[in-house]
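Trainee: See coords10.cif below, with mmCIF, C-alpha atoms and all ligand atoms.
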data_final
#
loop_
_atom_site.label_atom_id
_atom_site.label_comp_id
_atom_site.auth_asym_id
_atom_site.auth_seq_id
_atom_site.Cartn_x
_atom_site.Cartn_y
_atom_site.Cartn_z
CA MET S 1 0.00 0.00 0.00
CA THR S 2 1.19 3.51 -0.81
CA VAL S 3 0.76 5.75 2.21
CA PRO S 4 -1.06 8.95 1.16
CA GLY S 5 0.64 12.27 1.79
CA GLU S 6 -2.39 14.33 2.72
CA ALA S 7 -5.75 13.82 4.39
CA ALA S 8 -8.08 14.45 1.47
CA GLY S 9 -10.37 12.46 -0.77
CA ALA S 10 -13.86 11.70 -2.04
CA LEU S 11 -15.06 9.93 1.10
CA LEU S 12 -13.95 12.75 3.38
CA ARG S 13 -15.77 15.28 1.20
CA ASP S 14 -18.98 13.23 1.31
CA ALA S 15 -18.60 12.57 5.03
CA ALA S 16 -18.62 16.30 5.70
CA ALA S 17 -22.37 16.32 4.94
CA ALA S 18 -23.20 13.03 6.69
CA PRO S 19 -25.45 12.93 9.75
CA TYR S 20 -24.00 12.26 13.19
CA ALA S 21 -24.89 8.94 14.80
CA HIS S 22 -25.92 8.45 18.42
CA LEU S 23 -23.86 5.82 20.21
CA ASP S 24 -26.92 3.56 20.54
CA GLU S 25 -27.21 3.41 16.76
CA LEU S 26 -23.62 2.24 16.41
CA THR S 27 -23.72 -0.11 19.36
CA PRO S 28 -27.04 -0.86 21.08
CA PRO S 29 -26.86 -1.65 24.81
CA GLY S 30 -25.12 -5.00 25.30
CA GLY S 31 -21.88 -6.24 23.82
CA LEU S 32 -19.60 -4.83 21.13
CA LEU S 33 -17.10 -6.85 19.12
CA VAL S 34 -14.33 -4.97 17.29
CA VAL S 35 -12.39 -6.80 14.57
CA VAL S 36 -9.07 -5.03 13.94
CA PRO S 37 -6.53 -6.05 11.30
CA HIS S 38 -3.54 -4.47 13.11
CA PRO S 39 -2.77 -3.01 16.53
CA ASP S 40 -3.49 0.75 16.06
CA ASP S 41 -6.63 0.46 13.89
CA GLU S 42 -8.75 0.41 17.07
CA ALA S 43 -7.33 3.80 18.06
CA ILE S 44 -7.17 5.68 14.76
CA GLY S 45 -10.35 4.18 13.30
CA CYS S 46 -12.85 4.14 16.16
CA GLY S 47 -11.08 5.14 19.38
CA MET S 48 -13.47 7.91 20.36
CA ALA S 49 -16.53 5.71 19.83
CA LEU S 50 -14.86 2.85 21.72
CA ALA S 51 -14.19 5.11 24.69
CA ALA S 52 -17.79 6.32 24.62
CA ALA S 53 -19.03 2.73 24.37
CA ALA S 54 -16.93 1.68 27.36
CA ASP S 55 -18.28 4.56 29.45
CA ALA S 56 -21.82 3.63 28.41
CA GLY S 57 -21.29 0.14 29.81
CA ARG S 58 -20.92 -1.86 26.61
CA ARG S 59 -19.04 -5.14 27.05
CA ILE S 60 -16.19 -4.81 24.55
CA GLY S 61 -14.06 -7.55 23.01
CA VAL S 62 -11.40 -7.26 20.32
CA VAL S 63 -10.50 -9.81 17.65
CA LEU S 64 -6.96 -8.97 16.53
CA MET S 65 -6.50 -10.42 13.07
CA THR S 66 -2.72 -10.04 12.63
CA ASP S 67 0.01 -9.31 15.14
CA GLY S 68 1.31 -6.40 13.05
CA GLU S 69 4.67 -8.08 12.54
CA GLY S 70 5.02 -6.68 9.02
CA SER S 71 5.46 -3.01 9.93
CA HIS S 72 9.22 -3.24 10.50
CA ALA S 73 10.19 -6.49 8.80
CA GLY S 74 13.68 -5.15 8.00
CA SER S 75 14.63 -4.07 11.52
CA ALA S 76 17.59 -5.89 13.05
CA ARG S 77 16.98 -4.46 16.53
CA PHE S 78 13.33 -5.49 16.49
CA GLY S 79 13.11 -9.03 15.18
CA ARG S 80 9.69 -10.57 14.75
CA GLU S 81 9.33 -11.78 18.34
CA ARG S 82 10.36 -8.48 19.89
CA LEU S 83 8.22 -6.45 17.48
CA VAL S 84 5.14 -8.58 18.14
CA ALA S 85 5.65 -8.25 21.90
CA LEU S 86 6.00 -4.48 21.52
CA ARG S 87 2.87 -4.17 19.42
CA GLN S 88 0.88 -6.36 21.82
CA ALA S 89 1.95 -4.12 24.69
CA GLU S 90 1.03 -1.01 22.70
CA LEU S 91 -2.41 -2.46 21.96
CA ALA S 92 -2.97 -3.33 25.62
CA ARG S 93 -2.06 0.22 26.71
CA SER S 94 -4.20 1.71 23.94
CA LEU S 95 -7.24 -0.33 25.00
CA ALA S 96 -6.62 0.53 28.65
CA ALA S 97 -6.60 4.23 27.73
CA LEU S 98 -9.78 3.88 25.68
CA ALA S 99 -11.73 1.69 28.09
CA GLY S 100 -10.96 3.80 31.16
CA GLY S 101 -10.34 0.81 33.41
CA ALA S 102 -12.83 -1.67 31.96
CA GLU S 103 -11.32 -4.98 30.93
CA VAL S 104 -11.17 -5.52 27.16
CA PRO S 105 -10.30 -9.11 26.23
CA VAL S 106 -8.31 -9.62 23.01
CA HIS S 107 -8.48 -12.73 20.83
CA ARG S 108 -5.50 -13.08 18.46
CA LEU S 109 -5.98 -14.88 15.17
CA GLY S 110 -2.36 -14.62 13.96
CA LEU S 111 -3.04 -14.19 10.26
CA PRO S 112 -0.04 -13.04 8.19
CA ASP S 113 0.41 -9.25 8.35
CA GLY S 114 0.49 -7.47 5.01
CA CYS S 115 -0.58 -10.36 2.80
CA SER S 116 -3.72 -11.91 4.25
CA THR S 117 -6.54 -13.03 1.97
CA GLU S 118 -10.02 -14.39 2.46
CA SER S 119 -8.65 -17.89 1.89
CA ASP S 120 -6.57 -17.57 5.09
CA LEU S 121 -9.82 -17.46 7.07
CA THR S 122 -10.51 -21.02 8.16
CA MET S 123 -13.60 -22.42 9.87
CA ASP S 124 -11.40 -22.75 12.96
CA HIS S 125 -10.73 -19.01 12.95
CA LEU S 126 -14.43 -18.31 12.63
CA GLU S 127 -15.54 -20.78 15.28
CA CYS S 128 -12.87 -19.66 17.78
CA ALA S 129 -13.84 -16.02 17.24
CA VAL S 130 -17.52 -16.87 17.70
CA ALA S 131 -16.72 -18.76 20.92
CA PHE S 132 -14.69 -15.76 22.14
CA ALA S 133 -17.47 -13.31 21.28
CA ARG S 134 -20.56 -15.18 22.50
CA PRO S 135 -20.13 -14.39 26.24
CA LEU S 136 -20.12 -10.68 25.34
CA ARG S 137 -23.50 -11.12 23.64
CA PRO S 138 -22.52 -8.61 20.94
CA ARG S 139 -25.22 -6.57 19.31
CA ALA S 140 -22.75 -4.74 17.09
CA VAL S 141 -19.58 -5.63 15.22
CA TRP S 142 -17.19 -2.90 14.09
CA THR S 143 -14.34 -3.38 11.67
CA THR S 144 -12.28 -1.75 8.92
CA TRP S 145 -13.75 -1.03 5.51
CA GLU S 146 -13.61 -3.45 2.58
CA HIS S 147 -12.66 -0.51 0.34
CA ASP S 148 -9.61 0.40 2.42
CA PRO S 149 -6.79 -0.22 -0.08
CA HIS S 150 -5.05 -2.72 2.22
CA CYS S 151 -5.55 -6.47 1.94
CA ASP S 152 -5.66 -7.04 5.70
CA HIS S 153 -8.42 -4.46 6.13
CA LEU S 154 -10.44 -6.22 3.45
CA THR S 155 -9.90 -9.62 5.09
CA ALA S 156 -10.97 -8.17 8.45
CA ALA S 157 -14.15 -6.81 6.84
CA THR S 158 -14.92 -10.26 5.42
CA LEU S 159 -14.36 -11.92 8.79
CA ALA S 160 -16.44 -9.31 10.60
CA ARG S 161 -19.33 -9.72 8.18
CA ARG S 162 -19.37 -13.47 8.82
CA LEU S 163 -19.16 -12.91 12.58
CA ALA S 164 -21.98 -10.36 12.53
CA GLU S 165 -24.18 -12.82 10.63
CA ARG S 166 -23.40 -15.63 13.08
CA LEU S 167 -23.94 -13.42 16.12
CA GLY S 168 -27.03 -11.64 14.81
CA ALA S 169 -25.32 -8.28 15.30
CA VAL S 170 -25.34 -5.07 13.26
CA LEU S 171 -22.15 -4.50 11.24
CA TRP S 172 -20.49 -1.10 10.99
CA ARG S 173 -17.25 -0.46 9.12
CA PHE S 174 -14.87 2.38 9.91
CA PRO S 175 -12.74 3.45 6.95
CA VAL S 176 -9.04 4.05 7.63
CA TRP S 177 -6.99 4.22 4.41
CA GLY S 178 -10.08 4.41 2.20
CA ARG S 179 -10.73 7.91 3.55
CA PHE S 180 -8.01 9.21 1.30
CA GLY S 181 -7.84 9.45 -2.47
CA GLU S 182 -10.47 9.50 -5.16
CA GLU S 183 -10.83 5.85 -6.11
CA VAL S 184 -13.36 4.62 -3.60
CA ALA S 185 -16.97 3.59 -4.06
CA HIS S 186 -19.25 3.95 -1.06
CA HIS S 187 -22.52 5.22 -2.51
CA GLU S 188 -24.23 1.97 -1.57
CA ALA S 189 -23.52 2.43 2.13
CA GLU S 190 -25.10 4.61 4.80
CA LEU S 191 -22.53 7.09 6.05
CA ARG S 192 -22.47 8.36 9.64
CA LEU S 193 -20.14 10.55 11.65
CA PHE S 194 -19.40 10.14 15.35
CA ALA S 195 -17.84 12.63 17.69
CA SER S 196 -17.72 12.81 21.47
CA PRO S 197 -15.52 15.67 22.66
CA PRO S 198 -15.24 14.30 26.22
CA HIS S 199 -13.60 11.17 24.77
CA LEU S 200 -11.21 12.81 22.33
CA ALA S 201 -8.35 13.00 24.83
CA ARG S 202 -8.57 9.26 25.43
CA LYS S 203 -8.45 8.60 21.69
CA ARG S 204 -5.34 10.77 21.38
CA ALA S 205 -3.75 9.00 24.35
CA ALA S 206 -4.48 5.64 22.72
CA ILE S 207 -2.94 6.74 19.41
CA ALA S 208 0.14 7.95 21.27
CA GLU S 209 0.61 4.50 22.82
CA HIS S 210 1.42 3.07 19.37
CA ARG S 211 4.92 4.52 19.38
CA SER S 212 6.23 1.92 16.94
CA GLN S 213 3.84 3.27 14.30
CA PHE S 214 3.72 7.00 14.98
CA THR S 215 7.30 7.82 16.01
CA ASP S 216 10.85 6.91 15.01
CA LEU S 217 11.14 4.49 17.93
CA ILE S 218 12.34 1.80 15.50
CA ASP S 219 14.82 3.61 13.29
CA ASP S 220 16.84 0.85 11.64
CA ASP S 221 14.45 -0.14 8.86
CA PRO S 222 14.37 2.39 5.99
CA GLY S 223 11.47 0.54 4.35
CA ALA S 224 9.32 0.57 7.47
CA PHE S 225 5.85 1.98 7.87
CA ARG S 226 5.71 5.37 9.57
CA MET S 227 2.45 7.31 9.75
CA PRO S 228 2.92 10.76 8.15
CA ASP S 229 2.38 13.54 10.71
CA ALA S 230 -0.43 15.07 8.60
CA LEU S 231 -2.38 11.81 8.79
CA THR S 232 -1.72 11.36 12.50
CA ALA S 233 -3.14 14.86 13.03
CA HIS S 234 -6.14 14.00 10.86
CA PHE S 235 -6.95 10.84 12.80
CA ALA S 236 -6.53 12.69 16.10
CA ASP S 237 -8.91 15.51 15.11
CA HIS S 238 -11.49 14.31 12.60
CA PRO S 239 -14.90 12.93 13.60
CA GLU S 240 -14.98 9.18 13.20
CA ILE S 241 -16.67 7.75 10.12
CA PHE S 242 -18.89 4.67 10.09
CA LEU S 243 -20.59 2.91 7.20
CA ARG S 244 -23.45 0.45 7.25
CA GLY S 245 -24.86 -1.58 4.39
ZN ZN S 301 -4.39 -1.50 9.68
#
Spit out the file's structure as structure tokens when you get a sec.

Mentor:
Amino acid sequence: MTVPGEAAGALLRDAAAAPYAHLDELTPPGGLLVVVPHPDDEAIGCGMALAAAADAGRRIGVVLMTDGEGSHAGSARFGRERLVALRQAELARSLAALAGGAEVPVHRLGLPDGCSTESDLTMDHLECAVAFARPLRPRAVWTTWEHDPHCDHLTAATLARRLAERLGAVLWRFPVWGRFGEEVAHHEAELRLFASPPHLARKRAAIAEHRSQFTDLIDDDPGAFRMPDALTAHFADHPEIFLRG
């Protein structure tokens, strides 16, 4: 995936006129399952809504699809094991910041980061995720958007759709990379914005926990992913975007 240089695009223009959703529309009282392709998508994609959901008493669980081991594959200092441990710790701190003390269980699927496809999703993955989610009694499933130009985000959307069907829950997708650029199609989906100013600080704190992605913490891999500052600022400031349908 080519990382865009600026926070602009067709979806963002359309989203500017979209109605704001109440939290109950995005996640009715009960449980909420969030399917994230990588540690950090929960913060940049839906962190403010997650914090609001936690404060409203929703039981939240996270299915983590990949461990995010592909972000710095060329680093000598951070080999795969060390990088995965770092990203797990960042995710745990991010969720702690968002949930404000509520416990948020995480179920790791361990799909390959950066190259997952629908065919990697086995019945075992689905059944284990269903078994993880059932005690939460989810009434909503949130995930990344199938039009995000990143294979893992598409795979996560496929998995989440299957989970929502199995669990009888409403499915909402939050676009991350598909916000930017002109080559996205979303006219078939209902578009909603979400903002909760009291929860913005917790979203920003959660984003800041992902130091491996948003800073030069790992500086020995010239080909590594590093979020451009303009996009970090966008994710930290912009209302969140959700799509249904
Ligand atoms: Zn991602």

Trainee: Using all atoms listed in the file, what are the residues with an atom within 12 Å of ligand ZN 301 (chain S), set out as JSON, numbers by chain?

Mentor: {"S": [1, 3, 35, 36, 37, 38, 39, 40, 41, 42, 43, 44, 45, 64, 65, 66, 67, 68, 69, 70, 71, 113, 114, 115, 116, 143, 144, 145, 146, 148, 149, 150, 151, 152, 153, 154, 155, 156, 157, 174, 175, 176, 177, 178, 213, 225, 227]}

Trainee: At most 12 Å from (-17.5, 12.9, 1.2), file frame, all atoms listed in the file: which residues, as a CSV table (one decimal) with C-alpha atoms, keeping the file's coordinate frame?

Mentor:
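What follows is the written file part_35.csv:
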chain,number,residue,atom,x,y,z
S,8,ALA,CA,-8.1,14.4,1.5
S,9,GLY,CA,-10.4,12.5,-0.8
S,10,ALA,CA,-13.9,11.7,-2.0
S,11,LEU,CA,-15.1,9.9,1.1
S,12,LEU,CA,-14.0,12.8,3.4
S,13,ARG,CA,-15.8,15.3,1.2
S,14,ASP,CA,-19.0,13.2,1.3
S,15,ALA,CA,-18.6,12.6,5.0
S,16,ALA,CA,-18.6,16.3,5.7
S,17,ALA,CA,-22.4,16.3,4.9
S,18,ALA,CA,-23.2,13.0,6.7
S,19,PRO,CA,-25.4,12.9,9.8
S,178,GLY,CA,-10.1,4.4,2.2
S,179,ARG,CA,-10.7,7.9,3.6
S,180,PHE,CA,-8.0,9.2,1.3
S,181,GLY,CA,-7.8,9.4,-2.5
S,182,GLU,CA,-10.5,9.5,-5.2
S,184,VAL,CA,-13.4,4.6,-3.6
S,185,ALA,CA,-17.0,3.6,-4.1
S,186,HIS,CA,-19.2,4.0,-1.1
S,187,HIS,CA,-22.5,5.2,-2.5
S,190,GLU,CA,-25.1,4.6,4.8
S,191,LEU,CA,-22.5,7.1,6.0
S,192,ARG,CA,-22.5,8.4,9.6
S,193,LEU,CA,-20.1,10.6,11.6
S,241,ILE,CA,-16.7,7.8,10.1

Trainee: Please produce, as CSV, a per-residue contact table for segment 121-168 of chain S versus segment 49-53 of chain S (criterion: any atom at most 12 Å away, all atoms listed in the file considered), showing the nearest atom pair and its distance in Å to one decimal, sorted by chain then residue number.

Mentor:
residue,atom,partner,partner_atom,distance
S:Ala140,CA,S:Ala53,CA,11.1
S:Val141,CA,S:Leu50,CA,11.7
S:Trp142,CA,S:Leu50,CA,9.8
S:Thr143,CA,S:Leu50,CA,11.8

Trainee: Within 6 Å of Arg58 of chain S, counting only C-alpha atoms, which residues qualify if same-chain residues fewer than 3 places away don't, as a list in words?

Mentor: Gly30, Gly31, Ala53 and Ala54 of chain S

Trainee: Please identify all polymer residues within 10 Å of Leu171 of chain S, counting only C-alpha atoms, omitting same-chain residues fewer than 3 positions from it, and present them as a list in words.

Mentor: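 Listed by chain and then number, they are Leu26, Thr27, Leu33, Val34, Arg139, Ala140, Val141, Trp142, Thr143, Ala157, Ala160, Arg161, Arg162, Leu163, Ala164, Glu165, Gly168, Phe242, Leu243, Arg244 and Gly245 of chain S.
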
Trainee: Which value, in Å to one decimal, gives the distance between atom CA of Glu240 of chain S and atom CA of Ala206 of chain S?

Mentor: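 These two atoms are separated by 14.6 Å.
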
Trainee: Quote the spacing between atom CA of Ile207 of chain S and atom CA of Gly100 of chain S in Å to one decimal place.

Mentor: 14.5 Å

Trainee: Contacts of Leu200 of chain S at 9 Å or less, counting only C-alpha atoms, minus same-chain residues fewer than 5 places along, as a ChimeraX atom specification?

Mentor: /S:47-48,51,195,205,236-237

Trainee: Measuring atom to atom with only C-alpha atoms, identify which of S:Asp216, S:Glu81, S:Asp124, S:Asp24 is nearest to Leu109 of chain S.

Mentor: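 Ranking S:Asp216, S:Glu81, S:Asp124, S:Asp24 by distance to Leu109 of chain S, first place goes to S:Asp124.
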
Trainee: S:Pro4, S:Pro28, S:Pro112, S:Gly74: which is nearest Asp221 of chain S, counting only C-alpha atoms?

Mentor: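 Counting only C-alpha atoms, the residue closest to Asp221 of chain S is S:Gly74.
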
Trainee: For the atom pair atom CA of Ile60 of chain S and atom CA of Leu167 of chain S, what is the interatomic distance in Å to one decimal place?

Mentor: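 Those two atoms sit 14.3 Å apart.
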
Trainee: Which residue, S:Cys46, S:Ala129, S:Ala233, S:Leu83, has the smallest gap to Arg202 of chain S when you use only C-alpha atoms?

Mentor: S:Cys46

Trainee: Out of S:Thr2, S:Gly110, S:Pro228, S:Thr215, which residue has the shortest atom-to-atom distance to His125 of chain S when counting all atoms listed in the file?

Mentor: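 Of S:Thr2, S:Gly110, S:Pro228, S:Thr215, the one nearest His125 of chain S, counting all atoms listed in the file, is S:Gly110.
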
Trainee: With only C-alpha atoms as the basis for distance, which of S:Gly5, S:Pro239, S:Pro198, S:Gly61 is at the shortest distance from Val130 of chain S?

Mentor: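 Selected residue with least distance to Val130 of chain S: S:Gly61.
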